[in-house]
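Q: My structure is stored as work-v8.tsv, with TSV, C-alpha atoms (C1' of nucleotides).
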```tsv
chain	number	residue	atom	x	y	z
Q	1	MET	CA	96.44	-154.15	-183.18
Q	2	PRO	CA	93.27	-153.11	-184.93
Q	3	GLU	CA	93.88	-155.07	-188.02
Q	4	SER	CA	92.60	-158.53	-187.44
Q	5	GLU	CA	89.51	-160.11	-188.68
Q	6	ALA	CA	88.55	-163.51	-187.51
Q	7	SER	CA	90.34	-165.18	-190.33
Q	8	SER	CA	93.30	-162.88	-190.30
Q	9	MET	CA	94.07	-163.63	-186.69
Q	10	LEU	CA	94.35	-167.28	-187.46
Q	11	PRO	CA	97.96	-168.20	-186.90
Q	12	PRO	CA	99.58	-169.43	-190.07
Q	13	GLY	CA	99.78	-173.14	-190.46
Q	14	LEU	CA	96.53	-173.81	-188.70
Q	15	PRO	CA	93.57	-175.35	-190.46
Q	16	PRO	CA	91.03	-172.65	-191.18
Q	17	GLU	CA	88.30	-174.37	-189.20
Q	18	PHE	CA	90.03	-173.17	-186.07
Q	19	GLY	CA	89.22	-169.61	-186.92
Q	20	VAL	CA	86.07	-170.07	-184.92
Q	21	TYR	CA	88.18	-170.71	-181.84
Q	22	PHE	CA	90.17	-167.52	-182.11
Q	23	ALA	CA	87.15	-165.48	-183.01
Q	24	LEU	CA	85.35	-166.80	-179.97
Q	25	LEU	CA	88.24	-166.06	-177.66
Q	26	GLU	CA	88.60	-162.54	-178.90
Q	27	VAL	CA	84.93	-161.66	-178.78
Q	28	SER	CA	84.36	-163.10	-175.35
Q	29	ALA	CA	87.43	-161.36	-173.97
Q	30	LEU	CA	86.34	-158.02	-175.37
Q	31	VAL	CA	82.77	-158.41	-174.17
Q	32	GLU	CA	83.89	-159.41	-170.73
Q	33	HIS	CA	86.28	-156.52	-170.61
Q	34	GLY	CA	83.47	-154.17	-171.47
Q	35	VAL	CA	81.04	-155.39	-168.88
Q	36	VAL	CA	83.71	-155.51	-166.20
Q	37	GLY	CA	84.24	-151.81	-166.64
Q	38	GLN	CA	80.56	-151.04	-166.41
Q	39	LEU	CA	80.04	-153.15	-163.31
Q	40	ARG	CA	82.96	-151.54	-161.58
Q	41	ARG	CA	81.77	-148.06	-162.38
Q	42	ASP	CA	78.08	-148.50	-161.70
Q	43	GLY	CA	78.06	-150.88	-158.78
Q	44	ASP	CA	81.63	-151.48	-157.63
Q	45	LEU	CA	81.14	-155.14	-158.41
Q	46	SER	CA	83.45	-157.64	-160.00
Q	47	PHE	CA	82.08	-159.72	-162.80
Q	48	VAL	CA	81.93	-162.81	-160.63
Q	49	GLN	CA	80.13	-160.94	-157.88
Q	50	PHE	CA	77.62	-159.67	-160.37
Q	51	GLN	CA	77.06	-163.14	-161.73
Q	52	ILE	CA	76.42	-164.45	-158.24
Q	53	LEU	CA	73.93	-161.70	-157.51
Q	54	ALA	CA	72.27	-162.17	-160.87
Q	55	ILE	CA	71.80	-165.87	-160.33
Q	56	LEU	CA	70.46	-165.29	-156.85
Q	57	GLY	CA	68.15	-162.63	-158.19
Q	58	GLU	CA	66.57	-164.94	-160.68
Q	59	ASP	CA	63.10	-164.65	-159.29
Q	60	ARG	CA	63.51	-167.87	-157.42
Q	61	PRO	CA	62.15	-167.83	-153.89
Q	62	SER	CA	64.01	-170.92	-152.79
Q	63	PRO	CA	67.60	-170.26	-151.87
Q	64	LEU	CA	70.58	-171.80	-153.59
Q	65	SER	CA	73.40	-173.75	-152.08
Q	66	MET	CA	77.05	-173.01	-152.71
Q	67	THR	CA	77.22	-176.05	-154.94
Q	68	ASP	CA	74.27	-174.83	-156.97
Q	69	LEU	CA	76.07	-171.56	-157.47
Q	70	ALA	CA	79.35	-173.22	-158.34
Q	71	ASP	CA	77.57	-175.29	-160.95
Q	72	ARG	CA	76.14	-172.23	-162.59
Q	73	LEU	CA	79.45	-170.44	-162.60
Q	74	VAL	CA	82.63	-171.96	-163.91
Q	75	HIS	CA	84.30	-171.11	-160.66
Q	76	SER	CA	86.21	-173.12	-158.12
Q	77	LYS	CA	84.47	-173.72	-154.86
Q	78	SER	CA	87.09	-171.97	-152.84
Q	79	GLY	CA	86.83	-168.92	-155.01
Q	80	LEU	CA	83.11	-168.98	-154.59
Q	81	THR	CA	83.45	-169.13	-150.82
Q	82	TYR	CA	85.67	-166.09	-150.99
Q	83	GLN	CA	83.33	-164.06	-153.14
Q	84	VAL	CA	80.17	-164.99	-151.31
Q	85	GLY	CA	81.91	-164.07	-148.09
Q	86	ARG	CA	82.78	-160.75	-149.61
Q	87	LEU	CA	79.20	-160.18	-150.71
Q	88	GLU	CA	78.02	-161.16	-147.25
Q	89	GLN	CA	80.37	-158.62	-145.68
Q	90	SER	CA	78.87	-156.01	-147.95
Q	91	GLY	CA	75.40	-156.99	-146.84
Q	92	LEU	CA	74.30	-158.08	-150.29
Q	93	VAL	CA	73.70	-161.74	-149.53
Q	94	THR	CA	73.13	-163.88	-146.47
Q	95	ARG	CA	74.49	-167.29	-145.66
Q	96	ALA	CA	72.56	-169.64	-143.43
Q	97	PRO	CA	72.95	-173.32	-142.71
Q	98	SER	CA	70.49	-175.42	-144.60
Q	99	SER	CA	67.69	-176.92	-142.59
Q	100	ASP	CA	67.67	-180.07	-144.66
Q	101	ASP	CA	71.35	-180.73	-144.71
Q	102	GLU	CA	73.50	-179.41	-141.94
Q	103	ARG	CA	76.57	-179.19	-144.11
Q	104	GLY	CA	74.84	-177.15	-146.77
Q	105	VAL	CA	74.65	-173.39	-146.91
Q	106	GLU	CA	71.68	-171.48	-148.22
Q	107	VAL	CA	72.66	-168.27	-149.97
Q	108	ARG	CA	70.05	-165.58	-150.34
Q	109	LEU	CA	69.92	-162.10	-151.77
Q	110	THR	CA	69.26	-159.38	-149.22
Q	111	PRO	CA	67.04	-156.42	-150.05
Q	112	GLU	CA	70.22	-154.40	-150.44
Q	113	GLY	CA	71.57	-156.95	-152.86
Q	114	ALA	CA	68.36	-156.90	-154.85
Q	115	ALA	CA	68.42	-153.12	-154.89
Q	116	LEU	CA	72.01	-153.03	-156.10
Q	117	LEU	CA	71.17	-155.53	-158.78
Q	118	GLU	CA	68.31	-153.39	-159.95
Q	119	ARG	CA	70.55	-150.38	-160.01
Q	120	VAL	CA	73.26	-152.10	-162.01
Q	121	VAL	CA	71.31	-154.23	-164.44
Q	122	PRO	CA	70.00	-151.46	-166.72
Q	123	GLY	CA	73.46	-150.13	-167.42
Q	124	HIS	CA	74.70	-153.64	-167.83
Q	125	LEU	CA	72.10	-154.42	-170.44
Q	126	GLU	CA	72.85	-151.17	-172.15
Q	127	VAL	CA	76.51	-151.99	-172.44
Q	128	VAL	CA	75.79	-155.49	-173.63
Q	129	ARG	CA	73.34	-154.15	-176.14
Q	130	GLY	CA	75.88	-151.75	-177.49
Q	131	MET	CA	78.52	-154.42	-177.79
Q	132	LEU	CA	76.61	-157.49	-178.85
Q	133	VAL	CA	73.07	-156.78	-179.85
Q	134	GLU	CA	73.77	-153.79	-182.01
Q	135	ALA	CA	76.57	-155.53	-183.82
Q	136	LEU	CA	74.12	-157.71	-185.71
Q	137	ASP	CA	70.69	-157.52	-187.17
Q	138	ASP	CA	67.90	-159.63	-185.77
Q	139	THR	CA	68.41	-162.57	-188.06
Q	140	GLU	CA	72.12	-162.69	-187.49
Q	141	ARG	CA	71.72	-162.40	-183.76
Q	142	GLU	CA	69.24	-165.22	-183.60
Q	143	ARG	CA	71.48	-167.30	-185.75
Q	144	LEU	CA	74.46	-166.59	-183.52
Q	145	THR	CA	72.47	-167.42	-180.43
Q	146	GLY	CA	71.34	-170.65	-181.95
Q	147	LEU	CA	74.82	-171.68	-182.98
Q	148	LEU	CA	76.28	-170.86	-179.60
Q	149	GLY	CA	73.46	-172.75	-177.98
Q	150	LYS	CA	74.26	-175.77	-180.07
Q	151	VAL	CA	77.92	-175.58	-179.11
Q	152	GLY	CA	76.95	-175.15	-175.48
Q	153	LYS	CA	74.80	-178.21	-175.59
Q	154	HIS	CA	77.64	-180.14	-177.12
Q	155	LEU	CA	80.01	-178.98	-174.42
Q	156	ARG	CA	77.68	-179.72	-171.58
Q	157	ALA	CA	77.06	-183.20	-172.89
Q	158	ARG	CA	80.76	-183.82	-173.00
Q	159	PRO	CA	82.40	-185.72	-170.20
Q	160	PRO	CA	84.93	-183.39	-168.64
Q	161	ARG	CA	87.65	-185.99	-168.27
Q	162	SER	CA	89.13	-188.60	-170.52
Q	163	ALA	CA	87.12	-187.28	-173.40
Q	164	ARG	CA	88.90	-188.32	-176.50
Q	165	GLY	CA	87.32	-189.85	-179.51
Q	166	ILE	CA	84.03	-190.05	-177.77
Q	167	ALA	CA	81.19	-190.12	-180.20
Q	168	ALA	CA	80.51	-186.68	-181.48
Q	169	ALA	CA	76.92	-187.39	-182.27
Q	170	GLN	CA	74.94	-186.42	-179.22
Q	171	PRO	CA	71.30	-187.34	-179.01
Q	172	ASP	CA	69.23	-184.48	-177.79
S	1	MET	CA	63.47	-177.65	-184.41
S	2	PRO	CA	63.17	-174.06	-183.38
S	3	GLU	CA	65.55	-174.27	-180.50
S	4	SER	CA	67.59	-171.42	-181.77
S	5	GLU	CA	67.14	-169.50	-178.60
S	6	ALA	CA	69.04	-169.93	-175.44
S	7	SER	CA	65.93	-169.36	-173.42
S	8	SER	CA	66.89	-172.11	-171.05
S	9	MET	CA	69.73	-170.03	-169.73
S	10	LEU	CA	68.18	-166.63	-170.20
S	11	PRO	CA	67.20	-165.24	-166.82
S	12	PRO	CA	63.53	-164.48	-166.67
S	13	GLY	CA	62.54	-160.91	-167.23
S	14	LEU	CA	65.21	-160.18	-169.76
S	15	PRO	CA	64.50	-159.36	-173.38
S	16	PRO	CA	65.24	-162.44	-175.46
S	17	GLU	CA	67.82	-160.68	-177.57
S	18	PHE	CA	70.19	-160.98	-174.64
S	19	GLY	CA	70.25	-164.71	-174.97
S	20	VAL	CA	73.24	-164.24	-177.22
S	21	TYR	CA	75.12	-162.72	-174.30
S	22	PHE	CA	74.56	-165.59	-171.94
S	23	ALA	CA	75.20	-168.15	-174.60
S	24	LEU	CA	78.49	-166.48	-175.41
S	25	LEU	CA	79.57	-166.32	-171.80
S	26	GLU	CA	78.79	-169.94	-171.19
S	27	VAL	CA	80.44	-171.27	-174.30
S	28	SER	CA	83.60	-169.25	-173.89
S	29	ALA	CA	83.90	-170.23	-170.23
S	30	LEU	CA	83.51	-173.89	-171.03
S	31	VAL	CA	85.93	-173.76	-173.92
S	32	GLU	CA	88.50	-171.93	-171.90
S	33	HIS	CA	88.10	-174.37	-169.06
S	34	GLY	CA	88.70	-177.22	-171.44
S	35	VAL	CA	91.86	-175.86	-172.99
S	36	VAL	CA	93.24	-174.80	-169.62
S	37	GLY	CA	93.15	-178.40	-168.50
S	38	GLN	CA	94.88	-179.62	-171.61
S	39	LEU	CA	97.62	-177.02	-171.43
S	40	ARG	CA	98.29	-177.79	-167.82
S	41	ARG	CA	98.50	-181.50	-168.45
S	42	ASP	CA	100.49	-181.46	-171.66
S	43	GLY	CA	102.84	-178.57	-171.15
S	44	ASP	CA	102.44	-177.21	-167.64
S	45	LEU	CA	101.40	-173.92	-169.14
S	46	SER	CA	98.72	-171.49	-168.14
S	47	PHE	CA	96.40	-170.26	-170.82
S	48	VAL	CA	98.02	-166.86	-170.85
S	49	GLN	CA	101.48	-168.36	-171.12
S	50	PHE	CA	100.33	-170.47	-174.01
S	51	GLN	CA	98.84	-167.48	-175.74
S	52	ILE	CA	102.09	-165.59	-175.39
S	53	LEU	CA	104.08	-168.45	-176.80
S	54	ALA	CA	101.60	-168.95	-179.60
S	55	ILE	CA	101.75	-165.33	-180.64
S	56	LEU	CA	105.53	-165.35	-180.52
S	57	GLY	CA	105.57	-168.56	-182.52
S	58	GLU	CA	103.59	-167.07	-185.34
S	59	ASP	CA	106.26	-167.61	-187.88
S	60	ARG	CA	107.33	-164.04	-187.56
S	61	PRO	CA	111.09	-163.57	-187.52
S	62	SER	CA	110.94	-160.06	-186.19
S	63	PRO	CA	110.46	-159.95	-182.45
S	64	LEU	CA	107.54	-158.37	-180.68
S	65	SER	CA	107.54	-155.74	-178.02
S	66	MET	CA	105.68	-156.04	-174.75
S	67	THR	CA	103.13	-153.58	-176.02
S	68	ASP	CA	102.58	-155.62	-179.15
S	69	LEU	CA	101.90	-158.61	-176.97
S	70	ALA	CA	99.63	-156.72	-174.63
S	71	ASP	CA	97.62	-155.52	-177.59
S	72	ARG	CA	97.11	-159.02	-178.83
S	73	LEU	CA	96.10	-160.29	-175.45
S	74	VAL	CA	93.49	-158.62	-173.33
S	75	HIS	CA	95.91	-158.50	-170.48
S	76	SER	CA	97.20	-155.75	-168.29
S	77	LYS	CA	100.76	-154.69	-168.85
S	78	SER	CA	101.86	-155.63	-165.39
S	79	GLY	CA	100.40	-159.07	-165.74
S	80	LEU	CA	102.21	-159.46	-169.00
S	81	THR	CA	105.49	-158.46	-167.38
S	82	TYR	CA	104.91	-161.12	-164.77
S	83	GLN	CA	104.13	-163.87	-167.23
S	84	VAL	CA	106.89	-163.03	-169.67
S	85	GLY	CA	109.29	-162.99	-166.76
S	86	ARG	CA	108.05	-166.39	-165.79
S	87	LEU	CA	108.49	-167.71	-169.30
S	88	GLU	CA	111.95	-166.22	-169.38
S	89	GLN	CA	112.85	-167.99	-166.15
S	90	SER	CA	111.72	-171.21	-167.74
S	91	GLY	CA	113.91	-170.53	-170.73
S	92	LEU	CA	111.03	-170.38	-173.16
S	93	VAL	CA	111.44	-166.77	-174.24
S	94	THR	CA	114.15	-164.12	-174.17
S	95	ARG	CA	113.89	-160.46	-173.39
S	96	ALA	CA	116.32	-158.01	-174.89
S	97	PRO	CA	116.30	-154.24	-175.09
S	98	SER	CA	115.23	-152.97	-178.45
S	99	SER	CA	117.92	-151.50	-180.63
S	100	ASP	CA	115.59	-148.87	-182.05
S	101	ASP	CA	114.05	-147.74	-178.85
S	102	GLU	CA	115.94	-148.09	-175.64
S	103	ARG	CA	112.85	-148.33	-173.53
S	104	GLY	CA	111.36	-151.12	-175.62
S	105	VAL	CA	111.84	-154.81	-175.00
S	106	GLU	CA	112.04	-157.39	-177.75
S	107	VAL	CA	110.53	-160.69	-176.78
S	108	ARG	CA	111.57	-163.77	-178.68
S	109	LEU	CA	110.79	-167.44	-178.55
S	110	THR	CA	113.77	-169.64	-177.67
S	111	PRO	CA	114.25	-173.00	-179.35
S	112	GLU	CA	112.97	-174.56	-176.15
S	113	GLY	CA	109.89	-172.41	-176.31
S	114	ALA	CA	109.31	-173.35	-179.92
S	115	ALA	CA	109.77	-177.00	-179.06
S	116	LEU	CA	107.31	-176.82	-176.20
S	117	LEU	CA	104.83	-175.09	-178.44
S	118	GLU	CA	105.17	-177.82	-181.00
S	119	ARG	CA	104.68	-180.42	-178.33
S	120	VAL	CA	101.56	-178.77	-176.92
S	121	VAL	CA	99.80	-177.50	-180.02
S	122	PRO	CA	98.60	-180.83	-181.42
S	123	GLY	CA	96.81	-181.75	-178.22
S	124	HIS	CA	95.47	-178.24	-178.02
S	125	LEU	CA	94.00	-178.42	-181.47
S	126	GLU	CA	92.58	-181.81	-180.70
S	127	VAL	CA	90.79	-180.52	-177.64
S	128	VAL	CA	89.51	-177.47	-179.48
S	129	ARG	CA	88.36	-179.63	-182.33
S	130	GLY	CA	86.46	-181.87	-179.97
S	131	MET	CA	84.81	-178.96	-178.25
S	132	LEU	CA	84.16	-176.47	-181.01
S	133	VAL	CA	84.74	-177.85	-184.45
S	134	GLU	CA	82.90	-181.10	-183.97
S	135	ALA	CA	79.93	-179.39	-182.44
S	136	LEU	CA	78.88	-177.98	-185.79
S	137	ASP	CA	78.92	-178.95	-189.41
S	138	ASP	CA	80.99	-177.02	-191.90
S	139	THR	CA	78.31	-174.56	-192.85
S	140	GLU	CA	77.37	-173.81	-189.31
S	141	ARG	CA	80.95	-173.37	-188.26
S	142	GLU	CA	81.68	-170.97	-191.06
S	143	ARG	CA	78.58	-169.07	-190.21
S	144	LEU	CA	79.55	-168.88	-186.56
S	145	THR	CA	83.03	-167.73	-187.45
S	146	GLY	CA	81.63	-165.04	-189.69
S	147	LEU	CA	79.18	-163.81	-187.10
S	148	LEU	CA	81.80	-163.71	-184.38
S	149	GLY	CA	84.10	-161.91	-186.76
S	150	LYS	CA	81.45	-159.33	-187.39
S	151	VAL	CA	80.91	-158.81	-183.68
S	152	GLY	CA	84.63	-158.57	-183.16
S	153	LYS	CA	84.95	-155.93	-185.80
S	154	HIS	CA	82.13	-154.00	-184.19
S	155	LEU	CA	83.82	-154.21	-180.81
S	156	ARG	CA	87.18	-153.15	-182.07
S	157	ALA	CA	85.67	-150.21	-183.90
S	158	ARG	CA	83.93	-149.10	-180.78
S	159	PRO	CA	86.48	-148.32	-178.12
S	160	PRO	CA	85.02	-148.07	-174.66
S	161	ARG	CA	85.58	-144.52	-173.57
S	162	SER	CA	88.10	-145.44	-170.92
S	163	ALA	CA	90.32	-147.29	-173.32
S	164	ARG	CA	93.93	-146.62	-172.57
S	165	GLY	CA	95.86	-147.55	-175.65
S	166	ILE	CA	93.60	-146.15	-178.28
S	167	ALA	CA	95.88	-145.81	-181.20
S	168	ALA	CA	94.89	-143.06	-183.53
S	169	ALA	CA	92.10	-143.99	-185.82
S	170	GLN	CA	93.60	-146.47	-188.18
S	171	PRO	CA	92.25	-145.86	-191.65
S	172	ASP	CA	91.37	-149.02	-193.49
Z	1	DT	C1'	119.09	-126.66	-176.26
Z	2	DG	C1'	116.09	-127.98	-172.78
Z	3	DA	C1'	111.86	-128.36	-170.35
Z	4	DA	C1'	107.21	-130.53	-170.85
Z	5	DG	C1'	104.68	-134.17	-172.05
Z	6	DG	C1'	104.17	-138.79	-173.96
Z	7	DT	C1'	105.44	-143.77	-174.27
Z	8	DA	C1'	107.53	-148.52	-172.76
Z	9	DG	C1'	108.07	-151.47	-169.06
Z	10	DT	C1'	108.63	-152.59	-164.35
Z	11	DT	C1'	107.65	-152.62	-159.44
Z	12	DC	C1'	104.63	-152.56	-155.70
Z	13	DG	C1'	100.67	-153.71	-152.79
Z	14	DA	C1'	96.16	-155.44	-152.59
Z	15	DA	C1'	92.68	-158.44	-154.33
Z	16	DT	C1'	91.42	-162.62	-156.44
Z	17	DT	C1'	92.06	-167.26	-158.00
Z	18	DC	C1'	92.98	-172.16	-157.63
Z	19	DG	C1'	94.00	-176.89	-155.77
Z	20	DA	C1'	94.85	-179.57	-151.86
Z	21	DA	C1'	93.87	-180.59	-147.33
Z	22	DG	C1'	90.67	-180.45	-143.51
Z	23	DG	C1'	86.28	-180.47	-140.60
Z	24	DA	C1'	81.78	-181.69	-140.27
Z	25	DG	C1'	77.45	-183.92	-141.68
Z	26	DT	C1'	75.26	-187.67	-144.41
Z	27	DT	C1'	74.64	-192.16	-146.64
Z	28	DC	C1'	75.83	-196.79	-147.48
Z	29	DT	C1'	76.96	-201.37	-146.04
Z	30	DC	C1'	77.30	-205.00	-143.29
Y	1	DG	C1'	74.87	-198.87	-135.32
Y	2	DA	C1'	79.86	-198.52	-136.43
Y	3	DG	C1'	82.85	-197.46	-139.81
Y	4	DA	C1'	83.90	-196.49	-144.52
Y	5	DA	C1'	82.90	-193.60	-148.16
Y	6	DC	C1'	80.89	-189.63	-149.79
Y	7	DT	C1'	79.33	-184.71	-150.03
Y	8	DC	C1'	79.36	-179.70	-148.70
Y	9	DC	C1'	81.89	-176.12	-147.66
Y	10	DT	C1'	85.90	-173.68	-145.66
Y	11	DT	C1'	90.76	-172.84	-144.75
Y	12	DC	C1'	95.31	-172.53	-146.25
Y	13	DG	C1'	99.28	-171.36	-149.07
Y	14	DA	C1'	100.94	-170.26	-153.50
Y	15	DA	C1'	100.27	-168.23	-157.93
Y	16	DT	C1'	98.24	-164.82	-160.69
Y	17	DT	C1'	95.96	-160.53	-161.66
Y	18	DC	C1'	95.19	-155.60	-161.73
Y	19	DG	C1'	95.86	-150.48	-161.22
Y	20	DA	C1'	98.74	-146.94	-159.67
Y	21	DA	C1'	103.09	-145.16	-158.97
Y	22	DC	C1'	107.63	-145.16	-160.77
Y	23	DT	C1'	111.99	-145.08	-163.87
Y	24	DA	C1'	113.86	-144.39	-168.13
Y	25	DC	C1'	113.66	-143.00	-172.73
Y	26	DC	C1'	111.77	-140.46	-176.64
Y	27	DT	C1'	109.39	-136.46	-179.04
Y	28	DT	C1'	107.62	-132.00	-179.32
Y	29	DC	C1'	108.09	-127.37	-179.44
Y	30	DA	C1'	109.37	-122.90	-177.91
```
Go ahead and render the structure in this file as structure tokens.

A:
Amino acid sequence: MPESEASSMLPPGLPPEFGVYFALLEVSALVEHGVVGQLRRDGDLSFVQFQILAILGEDRPSPLSMTDLADRLVHSKSGLTYQVGRLEQSGLVTRAPSSDDERGVEVRLTPEGAALLERVVPGHLEVVRGMLVEALDDTERERLTGLLGKVGKHLRARPPRSARGIAAAQPD
Amino acid sequence: MPESEASSMLPPGLPPEFGVYFALLEVSALVEHGVVGQLRRDGDLSFVQFQILAILGEDRPSPLSMTDLADRLVHSKSGLTYQVGRLEQSGLVTRAPSSDDERGVEVRLTPEGAALLERVVPGHLEVVRGMLVEALDDTERERLTGLLGKVGKHLRARPPRSARGIAAAQPD
DNA sequence: TGAAGGTAGTTCGAATTCGAAGGAGTTCTC
DNA sequence: GAGAACTCCTTCGAATTCGAACTACCTTCA
């Protein structure tokens, strides 16, 4: 098991440019695994729950709707309903019907939720630092961030369905 | 064009070096989402099932044990039992007790499994190419692969203290 | 040898996930 | 304004996931 480098875990017969795919999968899985452990230990939170709290805690006074949250996560709406309900049960968030739109729901962080977030975030950053930030020097890290950002932009600009042979050149 | 930061998705109040974390999470989630759709459409496979088949199809005549598989995936053992059982039901893999070690199980790809893999892989590579490979030019992609590889090596060399299957320090 | 401890997989129950279907509010169209 | 079409969110059932407990086998060591 501890033998593979990005290129060495490339299945034989595959063009080498796909090494980036396997390297990405492995790194993201390991990073996620690491933070999941920390969140469970320090705050008894799942990763999704933490992400919800973190988004809600983003120093934004106006509340978010469920759809806003679902857009920021890569989650299904039903799964989001479940997790927000769970956070509401725990007293970490509130749900209230939107005043503008009766079908909408405004999700807000409670003081308890904000406090939990503050208690968990330092350890979270510490774990992430140990896994990601310390793995590279400043130049490398900035380069990695930039490359991932470019890929992210490409992915976001990509139509989710029937996307084949669509022009790869995306104007900014 | 100094857009090498992911500041747009970095929550306010966080040191900028954590941009790499959020960029990684977003990209991996989007990529995974993309391939999940393709695998479901083209082969009615979940991502985990595909990963199992792909590992088994790695041109390796000698079979793998469940533990070998679990080490290559980031999965729990029980989840692996479930999925391999499911693949066995579908006739895509076989399970047989190991001759060396009676408690071990040798997992093998069946011809049907190999055929399904061959049917699914081209579309898979096409989707990955469209999402990842085409997002960058050759130099950038190689750089990204190298950086991810370096992070991966760092992560593998740094077992989180609660790691279960820490094999004894493997000398290089 | 034979008991103690370790390893390989499975089973079990609980939690989480998703997609599809449904209920309710909103917008569009005529 | 009435109805169709759409959006927001929840409910529902089925599938998947995990950790802990368990069985069976292997290895160590006295």

Q: With a cut-off of 8 Å, could you pull out the residues of stretch 84-144 of chain S touching stretch 9-12 of chain Z and give me the nearest pair of atoms for each, distance in Å to one decimal, using only C-alpha atoms (C1' of nucleotides), ordered by chain and ascending number, as a tab-separated table?

A:
```
residue	atom	partner	partner_atom	distance
S:Arg103	CA	Z:DG9	C1'	7.3
S:Gly104	CA	Z:DG9	C1'	7.3
S:Val105	CA	Z:DG9	C1'	7.8
```

Q: Could you list the residues in chain Y lying within 9 Å of chain Q, using all atoms listed in the file, and format the result as a VMD selection string?

A: chain Y and resid 7 to 11

Q: How about saving the chosen residues, C-alpha atoms (C1' of nucleotides) kept, as a JSON list (two decimals), keeping the file's coordinate frame?

A:
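Output file selection_1.json follows:
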```json
[["chain", "number", "residue", "atom", "x", "y", "z"],
["Y", 7, "DT", "C1'", 79.33, -184.71, -150.03],
["Y", 8, "DC", "C1'", 79.36, -179.70, -148.70],
["Y", 9, "DC", "C1'", 81.89, -176.12, -147.66],
["Y", 10, "DT", "C1'", 85.90, -173.68, -145.66],
["Y", 11, "DT", "C1'", 90.76, -172.84, -144.75]]
```

Q: Just give me the gap between atom CA of Q:Arg143 and atom CA of Q:Gln49 in Å, one decimal is fine.

A: 29.9 Å

Q: With all atoms listed in the file as the atoms that count, which of S:Leu53, S:Val120, S:Ala70, S:Leu155 lies nearest to chain Z?

A: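 Distance minimum relative to chain Z lands on S:Ala70.
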
Q: When you draw a straight line from atom CA of Q:Arg156 to atom CA of S:Met131, how long is it in Å?

A: 9.8 Å

Q: Could you check how far atom C1' of Y:DC26 sits from atom CA of S:Gly57, in Å to one decimal?

A: 29.4 Å

Q: Only residues of chain Z matter here; which ones have an atom within 8 Å of chain Q, counting only C-alpha atoms (C1' of nucleotides)? Give them as a list of chain:residue names.

A: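 Residues passing the distance filter: Z:DT16, Z:DT17, Z:DC18, Z:DA24, Z:DG25, Z:DT26.
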
Q: Residues of chain S near chain Q: apply a cut-off of 6 Å, count all atoms listed in the file, and supply the list as a list in words.

A: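 Using all atoms listed in the file, chain S residues at most 6 Å from chain Q: Ser4, Glu5, Ala6, Val20, Ala23, Val27, Glu58, Asp71, Ala135, Thr145, Leu148, Gly149, Val151, Gly152 and His154 of chain S.
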
Q: Please provide the set of residues having any atom within 10 Å of Y:DC29, restricted to all atoms listed in the file, with same-chain residues fewer than 2 positions apart removed, written as a PyMOL selection string.

A: (chain Z and resi 3-4) or (chain Y and resi 27)

Q: Find the smallest box with edges along x, y and z containing every listed atom of stretch 59-77 of chain S, then add 4 Å on each side and report centre and edge lengths in Å to one decimal, as JSON.

A:
```
{"center_x": 102.3, "center_y": -160.6, "center_z": -178.1, "size_x": 25.6, "size_y": 22.0, "size_z": 27.6}
```

Q: What's the 12 Å shell around Q:Glu106, counting only C-alpha atoms (C1' of nucleotides), without same-chain residues fewer than 6 positions away, as a ChimeraX atom specification?

A: /Q:56,61-69,84,93-100 /Y:8-9

Q: If we count all atoms listed in the file and set the cut-off at 8 Å, which residues sit around Q:Arg119, ignoring sequence neighbours fewer than 4 positions away in its own chain? Please answer as a PyMOL selection string.

A: chain Q and resi 42-43+115+123

Q: Place N, CA and C atoms on stretch 68-76 of chain Q and deliver the coordinates as a short mmCIF file (atom, residue, chain, number, x, y, z; two decimals), in the coordinates of the input.

A:
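This is the output file out_17.cif:
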```
data_model
loop_
_atom_site.label_atom_id
_atom_site.label_comp_id
_atom_site.auth_asym_id
_atom_site.auth_seq_id
_atom_site.Cartn_x
_atom_site.Cartn_y
_atom_site.Cartn_z
N ASP Q 68 75.11 -175.30 -155.88
CA ASP Q 68 74.27 -174.83 -156.97
C ASP Q 68 74.93 -173.66 -157.68
N LEU Q 69 75.42 -172.73 -156.89
CA LEU Q 69 76.07 -171.56 -157.47
C LEU Q 69 77.31 -171.95 -158.26
N ALA Q 70 78.11 -172.82 -157.67
CA ALA Q 70 79.35 -173.22 -158.34
C ALA Q 70 79.03 -173.91 -159.66
N ASP Q 71 77.92 -174.63 -159.70
CA ASP Q 71 77.57 -175.29 -160.95
C ASP Q 71 77.17 -174.29 -162.02
N ARG Q 72 76.57 -173.22 -161.61
CA ARG Q 72 76.14 -172.23 -162.59
C ARG Q 72 77.30 -171.36 -163.06
N LEU Q 73 78.25 -171.18 -162.19
CA LEU Q 73 79.45 -170.44 -162.60
C LEU Q 73 80.49 -171.47 -163.01
N VAL Q 74 81.57 -171.02 -163.56
CA VAL Q 74 82.63 -171.96 -163.91
C VAL Q 74 83.76 -171.80 -162.90
N HIS Q 75 83.35 -171.48 -161.68
CA HIS Q 75 84.30 -171.11 -160.66
C HIS Q 75 84.71 -172.27 -159.79
N SER Q 76 85.84 -172.14 -159.13
CA SER Q 76 86.21 -173.12 -158.12
C SER Q 76 85.38 -172.85 -156.87
#
```
